[in-house]
$ cat entry_27.txt   # compact mmCIF, C-alpha atoms
# COMPACT_ATOMS: atom_id res chain seq x y z
CA MET A 9 -3.27 27.20 -2.20
CA PRO A 10 -1.74 23.81 -1.31
CA SER A 11 -2.57 21.00 -3.73
CA PRO A 12 -3.43 17.46 -2.66
CA VAL A 13 -1.18 14.83 -4.24
CA ARG A 14 -0.99 11.05 -4.41
CA ALA A 15 1.99 8.74 -3.97
CA GLU A 16 2.93 8.81 -7.64
CA ASP A 17 2.91 12.62 -7.61
CA VAL A 18 5.10 12.60 -4.50
CA GLN A 19 7.64 10.40 -6.25
CA ARG A 20 7.63 12.69 -9.28
CA LEU A 21 7.98 15.81 -7.16
CA ILE A 22 10.89 14.28 -5.25
CA GLY A 23 12.55 13.59 -8.59
CA GLU A 24 12.09 17.24 -9.45
CA GLY A 25 13.76 18.39 -6.26
CA GLY A 26 10.76 18.41 -3.95
CA GLN A 27 11.32 18.57 -0.20
CA LEU A 28 9.44 16.01 1.90
CA VAL A 29 8.32 17.18 5.32
CA GLU A 30 6.75 14.94 7.96
CA VAL A 31 4.69 17.06 10.35
CA LEU A 32 4.13 14.38 12.99
CA PRO A 33 5.87 14.57 16.39
CA GLU A 34 9.55 13.66 16.58
CA ALA A 35 9.03 10.23 18.15
CA GLU A 36 6.84 9.07 15.28
CA TYR A 37 9.27 10.43 12.76
CA ALA A 38 12.17 8.66 14.46
CA GLU A 39 10.32 5.34 14.30
CA LEU A 40 9.49 5.44 10.63
CA HIS A 41 9.35 8.07 7.92
CA LEU A 42 9.41 8.36 4.17
CA ALA A 43 12.95 8.05 2.82
CA GLY A 44 14.53 11.46 2.59
CA ALA A 45 11.91 13.27 4.65
CA ARG A 46 12.78 15.84 7.27
CA ASN A 47 10.76 16.43 10.43
CA LEU A 48 8.97 19.68 11.14
CA PRO A 49 6.22 18.94 13.67
CA LEU A 50 3.04 20.92 13.12
CA LYS A 51 3.21 22.39 16.60
CA ARG A 52 6.57 23.97 15.79
CA LEU A 53 5.88 25.10 12.25
CA ASP A 54 6.82 28.79 11.95
CA ALA A 55 9.07 31.14 10.03
CA GLN A 56 12.10 30.13 12.06
CA THR A 57 11.76 26.35 11.81
CA THR A 58 11.04 26.50 8.08
CA ALA A 59 13.96 28.80 7.34
CA ASP A 60 16.02 25.89 6.02
CA LEU A 61 13.43 24.94 3.42
CA ASP A 62 14.19 26.10 -0.10
CA ARG A 63 11.33 28.33 -1.21
CA ALA A 64 12.22 27.82 -4.86
CA ARG A 65 11.50 24.08 -4.65
CA PRO A 66 8.24 22.22 -4.03
CA VAL A 67 7.43 21.26 -0.45
CA ILE A 68 5.40 18.11 0.18
CA VAL A 69 3.94 17.69 3.64
CA TYR A 70 2.43 14.54 5.08
CA CYS A 71 1.30 13.01 8.35
CA HIS A 72 0.06 9.49 9.04
CA ASP A 73 -3.09 9.33 6.94
CA ALA A 74 -6.18 11.28 5.91
CA LEU A 75 -8.01 10.67 9.19
CA MET B 8 -2.85 17.31 10.41
CA SER B 9 -1.08 17.70 7.05
CA PRO B 10 -3.78 20.04 5.60
CA ARG B 11 -3.13 22.43 8.48
CA ALA B 12 0.62 22.19 7.95
CA ALA B 13 0.22 22.79 4.22
CA CYS B 14 -1.96 25.82 4.91
CA ARG B 15 0.54 27.17 7.41
CA LEU B 16 3.37 26.86 4.90
CA ASP B 17 1.19 28.66 2.39
CA THR B 18 0.68 31.52 4.83
CA LEU B 19 4.43 31.60 5.44
CA GLY B 20 4.91 32.40 1.79
CA PHE B 21 5.87 29.05 0.29
CA GLY B 22 4.60 29.06 -3.25
CA GLN B 23 4.73 25.37 -4.13
CA VAL B 24 3.11 23.42 -1.31
CA PHE B 25 1.67 19.95 -1.81
CA ASP B 26 -0.27 17.86 0.68
CA TYR B 27 0.19 14.11 0.56
CA VAL B 28 -3.09 13.57 2.38
CA GLU B 29 -2.97 9.77 2.40
CA GLY B 30 0.40 10.06 4.10
CA LYS B 31 2.70 7.57 5.68
CA ALA B 32 0.11 4.79 5.89
CA ASP B 33 -0.40 4.89 2.13
CA TRP B 34 3.34 5.07 1.43
CA LEU B 35 3.98 2.03 3.60
CA ALA B 36 1.12 0.13 2.03
CA ARG B 37 2.71 0.66 -1.36
CA GLY B 38 6.01 -0.75 -0.15
CA LEU B 39 7.86 2.47 -0.94
CA PRO B 40 11.19 3.25 0.75
CA THR B 41 11.30 4.31 4.38
CA GLU B 42 13.88 5.20 6.99
CA GLY B 43 13.90 5.12 10.78
CA GLU B 44 14.21 2.76 13.72
CA ARG B 45 11.48 0.43 12.42
CA ALA B 46 12.28 0.65 8.73
CA HIS B 47 14.09 -2.69 8.80
CA GLU B 48 11.07 -4.66 10.07
CA ARG B 49 9.78 -7.22 7.61
CA ARG B 50 6.22 -6.83 6.40
CA ALA B 51 3.68 -8.84 4.45
CA GLY B 52 4.71 -7.47 1.06
CA GLN B 53 8.22 -8.80 1.48
CA LEU B 54 6.98 -12.36 2.06
CA ALA B 55 4.31 -12.35 -0.64
CA ARG B 56 4.77 -15.17 -3.13
CA ARG B 57 3.80 -14.72 -6.74
CA ASP B 58 2.97 -18.37 -7.43
CA VAL B 59 -0.81 -18.28 -7.16
CA ALA B 60 -2.81 -19.02 -10.33
CA THR B 61 -4.75 -16.06 -11.71
CA CYS B 62 -7.32 -15.67 -14.43
CA ARG B 63 -9.62 -13.14 -16.07
CA LEU B 64 -13.38 -12.85 -15.64
CA SER B 65 -14.11 -14.42 -19.01
CA GLU B 66 -11.89 -17.49 -18.67
CA ARG B 67 -13.43 -20.98 -18.61
CA MET B 68 -12.92 -23.23 -15.62
CA GLY B 69 -11.61 -25.88 -17.96
CA ASP B 70 -8.79 -23.53 -18.93
CA VAL B 71 -8.05 -22.28 -15.42
CA ARG B 72 -7.98 -25.68 -13.72
CA PRO B 73 -4.61 -26.85 -15.16
CA ARG B 74 -2.95 -23.66 -13.91
CA VAL B 75 -4.31 -24.23 -10.42
CA GLU B 76 -3.17 -27.86 -10.48
CA ALA B 77 0.32 -26.66 -11.38
CA SER B 78 0.36 -24.19 -8.50
CA PRO B 79 0.92 -24.93 -4.79
CA TYR B 80 -2.64 -23.86 -3.94
CA GLY B 81 -6.10 -25.26 -4.49
CA PHE B 82 -7.63 -22.01 -5.70
CA ALA B 83 -7.21 -19.23 -8.23
CA LEU B 84 -7.64 -15.47 -8.02
CA VAL B 85 -9.59 -13.49 -10.58
CA VAL B 86 -8.01 -10.22 -11.66
CA ALA B 87 -8.81 -7.37 -14.02
CA ASP B 88 -6.52 -4.92 -15.80
CA GLY B 89 -3.73 -3.75 -13.57
CA ASP B 90 -4.05 -6.99 -11.59
CA VAL B 91 -6.92 -5.51 -9.60
CA LEU B 92 -8.29 -8.35 -7.51
CA LEU B 93 -11.93 -9.16 -8.21
CA GLY B 94 -12.59 -12.62 -6.86
CA ARG B 95 -11.52 -16.05 -5.80
CA LEU B 96 -12.21 -19.43 -7.37
CA ARG B 97 -12.41 -22.21 -4.84
CA ARG B 98 -11.91 -25.87 -5.58
CA ALA B 99 -15.64 -26.57 -5.91
CA ALA B 100 -15.96 -23.97 -8.64
CA LEU B 101 -12.87 -25.22 -10.42
CA GLU B 102 -14.10 -28.79 -10.38
CA GLY B 103 -17.56 -27.88 -11.64
CA ASP B 104 -18.76 -27.29 -15.19
CA PRO B 105 -15.62 -26.67 -17.30
CA ASP B 106 -17.52 -24.31 -19.59
CA ARG B 107 -18.58 -21.88 -16.90
CA CYS B 108 -16.55 -18.70 -16.78
CA ALA B 109 -14.84 -17.20 -13.75
CA GLU B 110 -17.28 -14.32 -13.49
CA ASP B 111 -20.17 -16.72 -12.92
CA VAL B 112 -18.62 -18.87 -10.22
CA MET B 113 -16.12 -16.69 -8.36
CA GLU B 114 -16.52 -15.44 -4.83
CA PRO B 115 -16.31 -11.65 -5.19
CA GLY B 116 -14.22 -9.40 -2.99
CA PRO B 117 -11.84 -11.76 -1.21
CA SER B 118 -10.29 -10.43 1.99
CA THR B 119 -6.83 -8.98 1.64
CA VAL B 120 -4.07 -7.55 3.80
CA ARG B 121 -1.91 -4.57 2.98
CA ILE B 122 1.72 -4.78 1.95
CA ASP B 123 2.75 -3.11 5.18
CA ALA B 124 0.88 -5.51 7.49
CA ALA B 125 3.08 -6.43 10.45
CA LEU B 126 3.98 -10.10 10.43
CA ASP B 127 3.00 -10.83 14.03
CA ALA B 128 -0.45 -9.33 13.50
CA LEU B 129 -0.80 -11.25 10.27
CA ALA B 130 0.10 -14.54 11.95
CA GLU B 131 -2.48 -13.84 14.64
CA ARG B 132 -5.11 -13.09 12.02
CA LEU B 133 -4.41 -16.28 10.10
CA ASP B 134 -4.41 -18.40 13.24
CA GLY B 135 -7.65 -16.80 14.39
CA GLY B 136 -9.36 -17.82 11.19
CA SER B 137 -7.57 -21.15 10.82
CA LEU B 138 -6.25 -19.88 7.49
CA LYS B 139 -3.17 -21.05 5.64
CA THR B 140 -2.72 -18.05 3.35
CA ALA B 141 -3.38 -14.33 3.18
CA VAL B 142 -3.83 -12.39 -0.04
CA VAL B 143 -1.71 -9.24 -0.17
CA SER B 144 -2.88 -6.23 -2.18
CA THR B 145 -1.90 -2.63 -2.77
CA PRO B 146 -4.07 0.30 -1.63
CA ASP B 147 -5.39 0.42 -5.20
CA GLY B 148 -6.55 -3.17 -4.94
CA ALA B 149 -3.88 -4.74 -7.12
CA LEU B 150 -2.80 -8.27 -6.29
CA VAL B 151 0.72 -8.51 -4.87
CA GLY B 152 0.76 -12.19 -3.94
CA LEU B 153 0.13 -14.66 -1.14
CA VAL B 154 1.71 -14.99 2.27
CA ARG B 155 1.72 -18.52 3.66
CA ARG B 156 1.30 -19.12 7.38
CA GLU B 157 4.26 -21.46 7.34
CA ASP B 158 6.46 -18.61 6.07
CA LEU B 159 5.67 -16.39 9.06
$ encode --input "entry_27.txt" --output "structure tokens"
Amino acid sequence: MPSPVRAEDVQRLIGEGGQLVEVLPEAEYAELHLAGARNLPLKRLDAQTTADLDRARPVIVYCHDAL
Amino acid sequence: MSPRAACRLDTLGFGQVFDYVEGKADWLARGLPTEGERAHERRAGQLARRDVATCRLSERMGDVRPRVEASPYGFALVVADGDVLLGRLRRAALEGDPDRCAEDVMEPGPSTVRIDAALDALAERLDGGSLKTAVVSTPDGALVGLVRREDL
């Protein structure tokens, strides 16, 4: 099951090779995203679009906020 | 949205999935690094000055007053461990009984703005309230500093 994490955990996971994924639409990603994040919009999340993610490394997903 | 994405990745067989629920808004508010077309825009945290006088709950007004007089402002901010902002000491409190402690005379819960507040919105907010300064804090409530209207 996915685990909720806070900013400090995200920074640690990135240091350990974690892959940041913004799941917002492309336009929002293009405007502003966390440094190093890639964009995989929720509406296009499937086996094909996630094929480039390394399954051996942590994946951290985020959107705008908890609301 | 991110809980659904995290769940979907889980169903796709990813074994180490984490959900940063507080997301981009929290990251920005902490002043952490960003990229993108708007990443270069200046925000409140970048203009925050660290020259405001601070004190602890137990400090006497007689001890705090000289620090305020040496600062560019006529007030002090009361902080706890981790610089968590608890209150504000206005001039009237500072000029009162020198033996009273900050806890007894502070105004609790001063208004703050986030590190990632856009500067145009901040200027509008200050002008709307005829204010000269805004207190900037982190999402955890820690004091970052003050932004002066004249710096915007």
$ closest_residue --input "entry_27.txt" --among "B:Gly43, B:Gly94, B:Gly20, B:Gly38" --to "chain A" --atoms "only C-alpha atoms"
B:Gly43
$ closest_residue --input "entry_27.txt" --among "B:Arg72, B:Glu157, B:Ala100, B:Pro146" --to "chain A" --atoms "only C-alpha atoms"
B:Pro146
$ interface_residues --input "entry_27.txt" --of "chain A" --to "chain B" --cutoff "6 Å" --atoms "all atoms listed in the file" --output "ChimeraX atom specification"
/A:10-14,38-43,50,63,66-74
$ atom_distance --input "entry_27.txt" --atom1 "CA of Ala149 in chain B" --atom2 "CA of Phe82 in chain B"
17.7 Å
$ residues_around --input "entry_27.txt" --residues "range 51-59 of chain B" --least-positions-apart "2" --cutoff "12 Å" --atoms "only C-alpha atoms" --output "PyMOL selection string"
chain B and resi 35-39+47-49+61-62+71+74-86+95-96+119-130+140-145+150-159
$ closest_residue --input "entry_27.txt" --among "B:Gly89, B:Asp104, B:Ser118, B:Asp147" --to "Arg132 in chain B" --atoms "all atoms listed in the file"
B:Ser118
$ residues_around --input "entry_27.txt" --residues "Lys51 in chain A" --least-positions-apart "4" --cutoff "9 Å" --atoms "only C-alpha atoms" --output "VMD selection string"
chain A and resid 31 to 33
$ atom_distance --input "entry_27.txt" --atom1 "CA of Gln27 in chain A" --atom2 "CA of Arg65 in chain A"
7.1 Å
